[in-house]
Amino acid sequence: MKGLILNNAYYETPSTLYQSERLAAELSELGVSTDIRKNDFFGAEIDGGKLKNTARGYDFCIYLDKDKYVSYALEKLGLRLFNRHDAIQACDDKAVTALRLADSGIPMPLTLPGLLCYEPTAKVSADTIDYIESRLGYPMVAKHCFGSLGKFVYKIDDRRELSDMCEKLRCVPHLFQKYIAESAGRDIRVIVIGGRAVAAMERKSDADFRSNIELGASATPKELDGELRALTERAATLLNLDYCGIDILCGRDGYLLCEVNSNAFFGGMERATGINIAKLYAEHIVKNT
Ligand SMILES: Nc1ncnc2c1ncn2[C@@H]1O[C@H](COP(=O)(O)OP(=O)(O)O)[C@@H](O)[C@H]1O
Ligand SMILES: [Mg+2]
């Protein structure tokens, strides 16, 4: 058995390298060799009306990228992707994740997908601002639909800030969300592999309402209670994910799903909990290839 570990063509950091190398090492322990490659070989070429097979000789691919054209092509060519193309797409866009999980009984903060604008000179109407304000109150949260590491998540404190944010995000896919004050600077990250919650940590920041480790939050292991387990396993199963990291907010009336990361880094979780996430994922991949 041979695997391909694919990373984005342009984005390479110590975290992405660590992720690839840890997975390669654990797969090697199981007797599976892998190539770690950048996704820069134009794997989605259509030539003479036919899809070109540029990734021959592999039995599976750990797709650490989010490039939707190549994941679509590789899957169409019959390669088993971890995660699958559709599952990555559903997580990449936070509004799509919320829409997919809606009506499944999974609690989430009140979320308004932002109105998409295709006209750079258009103006945001007062009615739009009135509606968002009346539904969410202040403070509220705005997020880019495509974003990670806390980079494009904002707190809005008043109408002036909301109006400025609406203008700023007008031509960017975005959403507005109720601010969960009880969870300020604190959330729970859960890793789910093959439909089973395997590790959890609480992330805390004293400096920011966002509890991303990359923004300086600290992490401590968290026991997986029944409710946390049920919620995260259900979300991962509904989204057909082999592997994910789910962020959970702690609201007044219980847990709320914040977002699902199909390509969650596991280094922080391994350090906080001592659980060998890479090994568990490698075992899942071998079993399911
Ligand atoms: N609705 C919210 N209310 C309170 N805090 C939030 C809310 N949404 C996000 N946060 C905080 O911001 C962090 C980043 O948001 P998240 O949606 O996970 O985006 P990212 O993909 O950038 O991690 C979360 O881990 C949480 O601490
Ligand atoms: Mg997050």
# chains A, B, ... in the order shown; residues from 1 in each chain; ligands from 1

$ select_by_dssp --residues "segment 103-266 of chain A" --states "strand (DSSP E)" --output "PDB file with N, CA and C atoms, in the first residue's frame"
ATOM      1  N   THR A 111     -27.058  32.247  13.444  1.00  0.00           N
ATOM      2  CA  THR A 111     -26.101  32.580  12.374  1.00  0.00           C
ATOM      3  C   THR A 111     -26.839  33.148  11.168  1.00  0.00           C
ATOM      4  N   LEU A 112     -26.369  34.280  10.660  1.00  0.00           N
ATOM      5  CA  LEU A 112     -26.931  34.865   9.434  1.00  0.00           C
ATOM      6  C   LEU A 112     -25.860  34.854   8.353  1.00  0.00           C
ATOM      7  N   PRO A 113     -25.970  33.980   7.342  1.00  0.00           N
ATOM      8  CA  PRO A 113     -25.015  34.082   6.239  1.00  0.00           C
ATOM      9  C   PRO A 113     -25.114  35.478   5.632  1.00  0.00           C
ATOM     10  N   MET A 140     -21.801  41.451  18.648  1.00  0.00           N
ATOM     11  CA  MET A 140     -22.057  40.310  17.758  1.00  0.00           C
ATOM     12  C   MET A 140     -20.730  39.938  17.115  1.00  0.00           C
ATOM     13  N   VAL A 141     -20.743  38.789  16.403  1.00  0.00           N
ATOM     14  CA  VAL A 141     -19.519  38.307  15.770  1.00  0.00           C
ATOM     15  C   VAL A 141     -19.707  38.315  14.257  1.00  0.00           C
ATOM     16  N   ALA A 142     -18.666  38.710  13.527  1.00  0.00           N
ATOM     17  CA  ALA A 142     -18.646  38.559  12.068  1.00  0.00           C
ATOM     18  C   ALA A 142     -17.443  37.696  11.709  1.00  0.00           C
ATOM     19  N   LYS A 143     -17.595  36.870  10.676  1.00  0.00           N
ATOM     20  CA  LYS A 143     -16.487  35.998  10.253  1.00  0.00           C
ATOM     21  C   LYS A 143     -16.459  35.923   8.736  1.00  0.00           C
ATOM     22  N   HIS A 144     -15.284  35.816   8.197  1.00  0.00           N
ATOM     23  CA  HIS A 144     -15.178  35.379   6.803  1.00  0.00           C
ATOM     24  C   HIS A 144     -15.650  33.929   6.770  1.00  0.00           C
ATOM     25  N   VAL A 153     -12.036  36.565  12.278  1.00  0.00           N
ATOM     26  CA  VAL A 153     -13.188  36.528  13.189  1.00  0.00           C
ATOM     27  C   VAL A 153     -13.163  37.832  13.991  1.00  0.00           C
ATOM     28  N   TYR A 154     -14.284  38.576  13.958  1.00  0.00           N
ATOM     29  CA  TYR A 154     -14.303  39.908  14.557  1.00  0.00           C
ATOM     30  C   TYR A 154     -15.460  40.055  15.546  1.00  0.00           C
ATOM     31  N   LYS A 155     -15.239  40.867  16.567  1.00  0.00           N
ATOM     32  CA  LYS A 155     -16.325  41.242  17.480  1.00  0.00           C
ATOM     33  C   LYS A 155     -16.769  42.646  17.115  1.00  0.00           C
ATOM     34  N   ILE A 156     -18.094  42.827  17.040  1.00  0.00           N
ATOM     35  CA  ILE A 156     -18.653  44.133  16.664  1.00  0.00           C
ATOM     36  C   ILE A 156     -19.443  44.666  17.852  1.00  0.00           C
ATOM     37  N   HIS A 174     -19.149  35.950   3.932  1.00  0.00           N
ATOM     38  CA  HIS A 174     -19.039  36.180   5.373  1.00  0.00           C
ATOM     39  C   HIS A 174     -20.334  35.800   6.063  1.00  0.00           C
ATOM     40  N   LEU A 175     -20.299  35.814   7.372  1.00  0.00           N
ATOM     41  CA  LEU A 175     -21.521  35.569   8.143  1.00  0.00           C
ATOM     42  C   LEU A 175     -21.506  36.409   9.409  1.00  0.00           C
ATOM     43  N   PHE A 176     -22.696  36.584   9.974  1.00  0.00           N
ATOM     44  CA  PHE A 176     -22.833  37.252  11.270  1.00  0.00           C
ATOM     45  C   PHE A 176     -23.386  36.230  12.257  1.00  0.00           C
ATOM     46  N   GLN A 177     -22.974  36.383  13.517  1.00  0.00           N
ATOM     47  CA  GLN A 177     -23.346  35.359  14.493  1.00  0.00           C
ATOM     48  C   GLN A 177     -23.568  35.991  15.861  1.00  0.00           C
ATOM     49  N   LYS A 178     -24.456  35.378  16.612  1.00  0.00           N
ATOM     50  CA  LYS A 178     -24.669  35.813  17.998  1.00  0.00           C
ATOM     51  C   LYS A 178     -23.377  35.605  18.779  1.00  0.00           C
ATOM     52  N   ARG A 186     -12.800  31.321  25.430  1.00  0.00           N
ATOM     53  CA  ARG A 186     -12.753  29.933  25.885  1.00  0.00           C
ATOM     54  C   ARG A 186     -13.561  29.059  24.919  1.00  0.00           C
ATOM     55  N   ASP A 187     -12.997  27.964  24.493  1.00  0.00           N
ATOM     56  CA  ASP A 187     -13.798  26.978  23.763  1.00  0.00           C
ATOM     57  C   ASP A 187     -13.195  25.592  23.961  1.00  0.00           C
ATOM     58  N   ILE A 188     -13.829  24.594  23.371  1.00  0.00           N
ATOM     59  CA  ILE A 188     -13.325  23.222  23.478  1.00  0.00           C
ATOM     60  C   ILE A 188     -13.055  22.722  22.064  1.00  0.00           C
ATOM     61  N   ARG A 189     -11.880  22.179  21.849  1.00  0.00           N
ATOM     62  CA  ARG A 189     -11.541  21.577  20.557  1.00  0.00           C
ATOM     63  C   ARG A 189     -11.587  20.053  20.734  1.00  0.00           C
ATOM     64  N   VAL A 190     -12.329  19.406  19.866  1.00  0.00           N
ATOM     65  CA  VAL A 190     -12.461  17.937  19.921  1.00  0.00           C
ATOM     66  C   VAL A 190     -11.979  17.347  18.601  1.00  0.00           C
ATOM     67  N   ILE A 191     -11.146  16.330  18.666  1.00  0.00           N
ATOM     68  CA  ILE A 191     -10.730  15.627  17.449  1.00  0.00           C
ATOM     69  C   ILE A 191     -11.594  14.376  17.293  1.00  0.00           C
ATOM     70  N   VAL A 192     -12.168  14.226  16.096  1.00  0.00           N
ATOM     71  CA  VAL A 192     -12.997  13.055  15.799  1.00  0.00           C
ATOM     72  C   VAL A 192     -12.355  12.301  14.632  1.00  0.00           C
ATOM     73  N   ILE A 193     -12.120  11.006  14.825  1.00  0.00           N
ATOM     74  CA  ILE A 193     -11.530  10.176  13.767  1.00  0.00           C
ATOM     75  C   ILE A 193     -12.444   8.975  13.521  1.00  0.00           C
ATOM     76  N   ARG A 196     -15.473   8.757  15.725  1.00  0.00           N
ATOM     77  CA  ARG A 196     -15.290   8.576  17.167  1.00  0.00           C
ATOM     78  C   ARG A 196     -14.471   9.744  17.731  1.00  0.00           C
ATOM     79  N   ALA A 197     -15.017  10.402  18.741  1.00  0.00           N
ATOM     80  CA  ALA A 197     -14.277  11.477  19.410  1.00  0.00           C
ATOM     81  C   ALA A 197     -13.137  10.851  20.192  1.00  0.00           C
ATOM     82  N   VAL A 198     -11.902  11.285  19.907  1.00  0.00           N
ATOM     83  CA  VAL A 198     -10.739  10.609  20.507  1.00  0.00           C
ATOM     84  C   VAL A 198      -9.951  11.496  21.467  1.00  0.00           C
ATOM     85  N   ALA A 199     -10.139  12.815  21.382  1.00  0.00           N
ATOM     86  CA  ALA A 199      -9.360  13.693  22.268  1.00  0.00           C
ATOM     87  C   ALA A 199     -10.043  15.055  22.340  1.00  0.00           C
ATOM     88  N   ALA A 200      -9.861  15.709  23.480  1.00  0.00           N
ATOM     89  CA  ALA A 200     -10.436  17.053  23.635  1.00  0.00           C
ATOM     90  C   ALA A 200      -9.538  17.902  24.505  1.00  0.00           C
ATOM     91  N   MET A 201      -9.550  19.194  24.211  1.00  0.00           N
ATOM     92  CA  MET A 201      -8.812  20.124  25.072  1.00  0.00           C
ATOM     93  C   MET A 201      -9.617  21.404  25.213  1.00  0.00           C
ATOM     94  N   GLU A 202      -9.429  22.045  26.350  1.00  0.00           N
ATOM     95  CA  GLU A 202     -10.050  23.342  26.543  1.00  0.00           C
ATOM     96  C   GLU A 202      -9.012  24.390  26.180  1.00  0.00           C
ATOM     97  N   ARG A 203      -9.422  25.386  25.406  1.00  0.00           N
ATOM     98  CA  ARG A 203      -8.499  26.449  25.010  1.00  0.00           C
ATOM     99  C   ARG A 203      -8.954  27.736  25.679  1.00  0.00           C
ATOM    100  N   LYS A 204      -8.003  28.438  26.264  1.00  0.00           N
ATOM    101  CA  LYS A 204      -8.353  29.645  27.033  1.00  0.00           C
ATOM    102  C   LYS A 204      -7.433  30.793  26.685  1.00  0.00           C
ATOM    103  N   SER A 218      -3.953  29.206  25.724  1.00  0.00           N
ATOM    104  CA  SER A 218      -3.300  28.016  26.286  1.00  0.00           C
ATOM    105  C   SER A 218      -4.298  26.855  26.257  1.00  0.00           C
ATOM    106  N   ALA A 219      -3.758  25.644  26.338  1.00  0.00           N
ATOM    107  CA  ALA A 219      -4.624  24.464  26.207  1.00  0.00           C
ATOM    108  C   ALA A 219      -4.419  23.497  27.364  1.00  0.00           C
ATOM    109  N   THR A 220      -5.533  22.954  27.851  1.00  0.00           N
ATOM    110  CA  THR A 220      -5.452  21.911  28.879  1.00  0.00           C
ATOM    111  C   THR A 220      -6.355  20.759  28.443  1.00  0.00           C
ATOM    112  N   PRO A 221      -5.995  19.527  28.820  1.00  0.00           N
ATOM    113  CA  PRO A 221      -6.832  18.402  28.411  1.00  0.00           C
ATOM    114  C   PRO A 221      -8.235  18.527  28.992  1.00  0.00           C
ATOM    115  N   TYR A 243     -11.675  12.577   9.442  1.00  0.00           N
ATOM    116  CA  TYR A 243     -10.888  13.241  10.490  1.00  0.00           C
ATOM    117  C   TYR A 243     -11.323  14.692  10.587  1.00  0.00           C
ATOM    118  N   CYS A 244     -11.449  15.204  11.795  1.00  0.00           N
ATOM    119  CA  CYS A 244     -11.706  16.647  11.925  1.00  0.00           C
ATOM    120  C   CYS A 244     -11.433  17.137  13.339  1.00  0.00           C
ATOM    121  N   GLY A 245     -11.330  18.452  13.449  1.00  0.00           N
ATOM    122  CA  GLY A 245     -11.249  19.119  14.744  1.00  0.00           C
ATOM    123  C   GLY A 245     -12.450  20.035  14.854  1.00  0.00           C
ATOM    124  N   ILE A 246     -13.264  19.830  15.881  1.00  0.00           N
ATOM    125  CA  ILE A 246     -14.501  20.606  16.018  1.00  0.00           C
ATOM    126  C   ILE A 246     -14.365  21.579  17.185  1.00  0.00           C
ATOM    127  N   ASP A 247     -14.725  22.839  16.933  1.00  0.00           N
ATOM    128  CA  ASP A 247     -14.691  23.862  17.983  1.00  0.00           C
ATOM    129  C   ASP A 247     -16.079  23.982  18.608  1.00  0.00           C
ATOM    130  N   ILE A 248     -16.104  23.910  19.918  1.00  0.00           N
ATOM    131  CA  ILE A 248     -17.370  23.950  20.651  1.00  0.00           C
ATOM    132  C   ILE A 248     -17.360  25.134  21.622  1.00  0.00           C
ATOM    133  N   LEU A 249     -18.401  25.953  21.544  1.00  0.00           N
ATOM    134  CA  LEU A 249     -18.556  27.059  22.497  1.00  0.00           C
ATOM    135  C   LEU A 249     -19.400  26.570  23.674  1.00  0.00           C
ATOM    136  N   CYS A 250     -19.185  27.192  24.831  1.00  0.00           N
ATOM    137  CA  CYS A 250     -19.940  26.796  26.017  1.00  0.00           C
ATOM    138  C   CYS A 250     -20.955  27.886  26.322  1.00  0.00           C
ATOM    139  N   GLY A 251     -22.177  27.696  25.871  1.00  0.00           N
ATOM    140  CA  GLY A 251     -23.228  28.704  26.052  1.00  0.00           C
ATOM    141  C   GLY A 251     -23.945  28.532  27.384  1.00  0.00           C
ATOM    142  N   GLY A 254     -25.745  25.240  27.378  1.00  0.00           N
ATOM    143  CA  GLY A 254     -24.998  24.041  26.977  1.00  0.00           C
ATOM    144  C   GLY A 254     -24.064  24.289  25.810  1.00  0.00           C
ATOM    145  N   TYR A 255     -23.596  23.201  25.234  1.00  0.00           N
ATOM    146  CA  TYR A 255     -22.615  23.291  24.152  1.00  0.00           C
ATOM    147  C   TYR A 255     -23.247  23.802  22.865  1.00  0.00           C
ATOM    148  N   LEU A 256     -22.442  24.543  22.098  1.00  0.00           N
ATOM    149  CA  LEU A 256     -22.871  25.026  20.781  1.00  0.00           C
ATOM    150  C   LEU A 256     -21.745  24.763  19.798  1.00  0.00           C
ATOM    151  N   LEU A 257     -22.072  24.220  18.652  1.00  0.00           N
ATOM    152  CA  LEU A 257     -21.035  23.976  17.653  1.00  0.00           C
ATOM    153  C   LEU A 257     -20.621  25.298  17.003  1.00  0.00           C
ATOM    154  N   CYS A 258     -19.319  25.568  17.007  1.00  0.00           N
ATOM    155  CA  CYS A 258     -18.795  26.820  16.450  1.00  0.00           C
ATOM    156  C   CYS A 258     -18.330  26.602  15.018  1.00  0.00           C
ATOM    157  N   GLU A 259     -17.455  25.635  14.808  1.00  0.00           N
ATOM    158  CA  GLU A 259     -17.013  25.331  13.436  1.00  0.00           C
ATOM    159  C   GLU A 259     -16.382  23.948  13.383  1.00  0.00           C
ATOM    160  N   VAL A 260     -16.255  23.425  12.171  1.00  0.00           N
ATOM    161  CA  VAL A 260     -15.659  22.108  11.955  1.00  0.00           C
ATOM    162  C   VAL A 260     -14.467  22.285  11.017  1.00  0.00           C
ATOM    163  N   ASN A 261     -13.296  21.849  11.476  1.00  0.00           N
ATOM    164  CA  ASN A 261     -12.066  21.982  10.675  1.00  0.00           C
ATOM    165  C   ASN A 261     -11.695  20.628  10.092  1.00  0.00           C
TER     166      ASN A 261
END

$ select_by_dssp --residues "segment 39-215 of chain A" --states "alpha helix (DSSP H)" --output "ChimeraX atom specification"
/A:68-76,85-92,94-101,126-136,159-169

$ residues_around --residues "Ala236 of chain A" --least-positions-apart "4" --cutoff "7 Å" --atoms "only C-alpha atoms" --output "ChimeraX atom specification"
/A:192,195,232,240-241

$ closest_residue --among "A:Lys52, A:Leu101, A:Asp130, A:Tyr118" --to "Arg234 of chain A" --atoms "only C-alpha atoms"
A:Leu101

$ atom_distance --atom1 "atom 14 (C, counted along the ligand's line) of ligand 1" --atom2 "atom CA of Asn8 of chain A"
21.9 Å

$ residues_around --residues "Leu27 of chain A" --least-positions-apart "4" --cutoff "12 Å" --atoms "only C-alpha atoms" --output "ChimeraX atom specification"
/A:1-5,20-23,31-35,60,62,278-287

$ write_last_selection --atoms "N, CA and C atoms" --output "PDB file, in the first residue's frame"
ATOM      1  N   MET A   1       0.840  -1.189   0.000  1.00  0.00           N
ATOM      2  CA  MET A   1       0.000   0.000   0.000  1.00  0.00           C
ATOM      3  C   MET A   1       0.885   1.251   0.000  1.00  0.00           C
ATOM      4  N   LYS A   2       0.501   2.219  -0.828  1.00  0.00           N
ATOM      5  CA  LYS A   2       1.284   3.457  -0.869  1.00  0.00           C
ATOM      6  C   LYS A   2       0.369   4.680  -0.839  1.00  0.00           C
ATOM      7  N   GLY A   3       0.756   5.660  -0.069  1.00  0.00           N
ATOM      8  CA  GLY A   3      -0.083   6.849   0.080  1.00  0.00           C
ATOM      9  C   GLY A   3       0.590   8.123  -0.387  1.00  0.00           C
ATOM     10  N   LEU A   4      -0.258   9.082  -0.733  1.00  0.00           N
ATOM     11  CA  LEU A   4       0.213  10.403  -1.119  1.00  0.00           C
ATOM     12  C   LEU A   4      -0.289  11.397  -0.059  1.00  0.00           C
ATOM     13  N   ILE A   5       0.617  12.212   0.451  1.00  0.00           N
ATOM     14  CA  ILE A   5       0.215  13.256   1.401  1.00  0.00           C
ATOM     15  C   ILE A   5       0.369  14.586   0.681  1.00  0.00           C
ATOM     16  N   SER A  20       2.349  16.600   8.138  1.00  0.00           N
ATOM     17  CA  SER A  20       2.675  15.613   7.100  1.00  0.00           C
ATOM     18  C   SER A  20       3.678  14.583   7.613  1.00  0.00           C
ATOM     19  N   GLU A  21       4.708  15.084   8.265  1.00  0.00           N
ATOM     20  CA  GLU A  21       5.786  14.176   8.690  1.00  0.00           C
ATOM     21  C   GLU A  21       5.331  13.221   9.789  1.00  0.00           C
ATOM     22  N   ARG A  22       4.502  13.707  10.685  1.00  0.00           N
ATOM     23  CA  ARG A  22       3.980  12.839  11.750  1.00  0.00           C
ATOM     24  C   ARG A  22       3.099  11.740  11.148  1.00  0.00           C
ATOM     25  N   LEU A  23       2.246  12.104  10.188  1.00  0.00           N
ATOM     26  CA  LEU A  23       1.377  11.099   9.566  1.00  0.00           C
ATOM     27  C   LEU A  23       2.213  10.091   8.785  1.00  0.00           C
ATOM     28  N   GLY A  31       3.751  -0.047   8.141  1.00  0.00           N
ATOM     29  CA  GLY A  31       4.237  -0.689   6.914  1.00  0.00           C
ATOM     30  C   GLY A  31       3.763  -0.024   5.639  1.00  0.00           C
ATOM     31  N   VAL A  32       3.281   1.223   5.752  1.00  0.00           N
ATOM     32  CA  VAL A  32       2.757   1.925   4.569  1.00  0.00           C
ATOM     33  C   VAL A  32       3.699   3.078   4.226  1.00  0.00           C
ATOM     34  N   SER A  33       4.166   3.095   2.975  1.00  0.00           N
ATOM     35  CA  SER A  33       5.047   4.193   2.587  1.00  0.00           C
ATOM     36  C   SER A  33       4.217   5.329   1.975  1.00  0.00           C
ATOM     37  N   THR A  34       4.758   6.526   2.066  1.00  0.00           N
ATOM     38  CA  THR A  34       4.035   7.700   1.555  1.00  0.00           C
ATOM     39  C   THR A  34       5.009   8.661   0.870  1.00  0.00           C
ATOM     40  N   ASP A  35       4.486   9.458  -0.033  1.00  0.00           N
ATOM     41  CA  ASP A  35       5.221  10.601  -0.577  1.00  0.00           C
ATOM     42  C   ASP A  35       4.535  11.853  -0.066  1.00  0.00           C
ATOM     43  N   PHE A  60      -4.128   5.736  -1.739  1.00  0.00           N
ATOM     44  CA  PHE A  60      -4.939   6.728  -1.028  1.00  0.00           C
ATOM     45  C   PHE A  60      -4.168   8.046  -1.000  1.00  0.00           C
ATOM     46  N   ILE A  62      -3.847  11.537   1.566  1.00  0.00           N
ATOM     47  CA  ILE A  62      -4.246  12.383   2.707  1.00  0.00           C
ATOM     48  C   ILE A  62      -4.217  13.810   2.190  1.00  0.00           C
ATOM     49  N   ALA A 278      -1.860  11.269  15.408  1.00  0.00           N
ATOM     50  CA  ALA A 278      -1.368  10.825  14.092  1.00  0.00           C
ATOM     51  C   ALA A 278      -1.487   9.310  13.965  1.00  0.00           C
ATOM     52  N   LYS A 279      -1.191   8.603  15.036  1.00  0.00           N
ATOM     53  CA  LYS A 279      -1.270   7.134  14.999  1.00  0.00           C
ATOM     54  C   LYS A 279      -2.725   6.683  14.808  1.00  0.00           C
ATOM     55  N   LEU A 280      -3.635   7.306  15.542  1.00  0.00           N
ATOM     56  CA  LEU A 280      -5.053   6.928  15.430  1.00  0.00           C
ATOM     57  C   LEU A 280      -5.569   7.197  14.011  1.00  0.00           C
ATOM     58  N   TYR A 281      -5.134   8.316  13.425  1.00  0.00           N
ATOM     59  CA  TYR A 281      -5.576   8.644  12.068  1.00  0.00           C
ATOM     60  C   TYR A 281      -4.944   7.663  11.066  1.00  0.00           C
ATOM     61  N   ALA A 282      -3.669   7.363  11.266  1.00  0.00           N
ATOM     62  CA  ALA A 282      -2.989   6.409  10.364  1.00  0.00           C
ATOM     63  C   ALA A 282      -3.700   5.049  10.407  1.00  0.00           C
ATOM     64  N   GLU A 283      -4.074   4.621  11.584  1.00  0.00           N
ATOM     65  CA  GLU A 283      -4.774   3.325  11.710  1.00  0.00           C
ATOM     66  C   GLU A 283      -6.113   3.361  10.982  1.00  0.00           C
ATOM     67  N   HIS A 284      -6.817   4.481  11.114  1.00  0.00           N
ATOM     68  CA  HIS A 284      -8.108   4.628  10.429  1.00  0.00           C
ATOM     69  C   HIS A 284      -7.914   4.567   8.906  1.00  0.00           C
ATOM     70  N   ILE A 285      -6.869   5.225   8.441  1.00  0.00           N
ATOM     71  CA  ILE A 285      -6.622   5.265   6.985  1.00  0.00           C
ATOM     72  C   ILE A 285      -6.322   3.864   6.450  1.00  0.00           C
ATOM     73  N   VAL A 286      -5.475   3.137   7.162  1.00  0.00           N
ATOM     74  CA  VAL A 286      -5.118   1.783   6.700  1.00  0.00           C
ATOM     75  C   VAL A 286      -6.354   0.889   6.691  1.00  0.00           C
ATOM     76  N   LYS A 287      -7.149   1.004   7.739  1.00  0.00           N
ATOM     77  CA  LYS A 287      -8.362   0.173   7.842  1.00  0.00           C
ATOM     78  C   LYS A 287      -9.365   0.494   6.744  1.00  0.00           C
TER      79      LYS A 287
END

$ atom_distance --atom1 "atom 22 (O, counted along the ligand's line) of ligand 1" --atom2 "atom CA of Asn212 of chain A"
7.4 Å
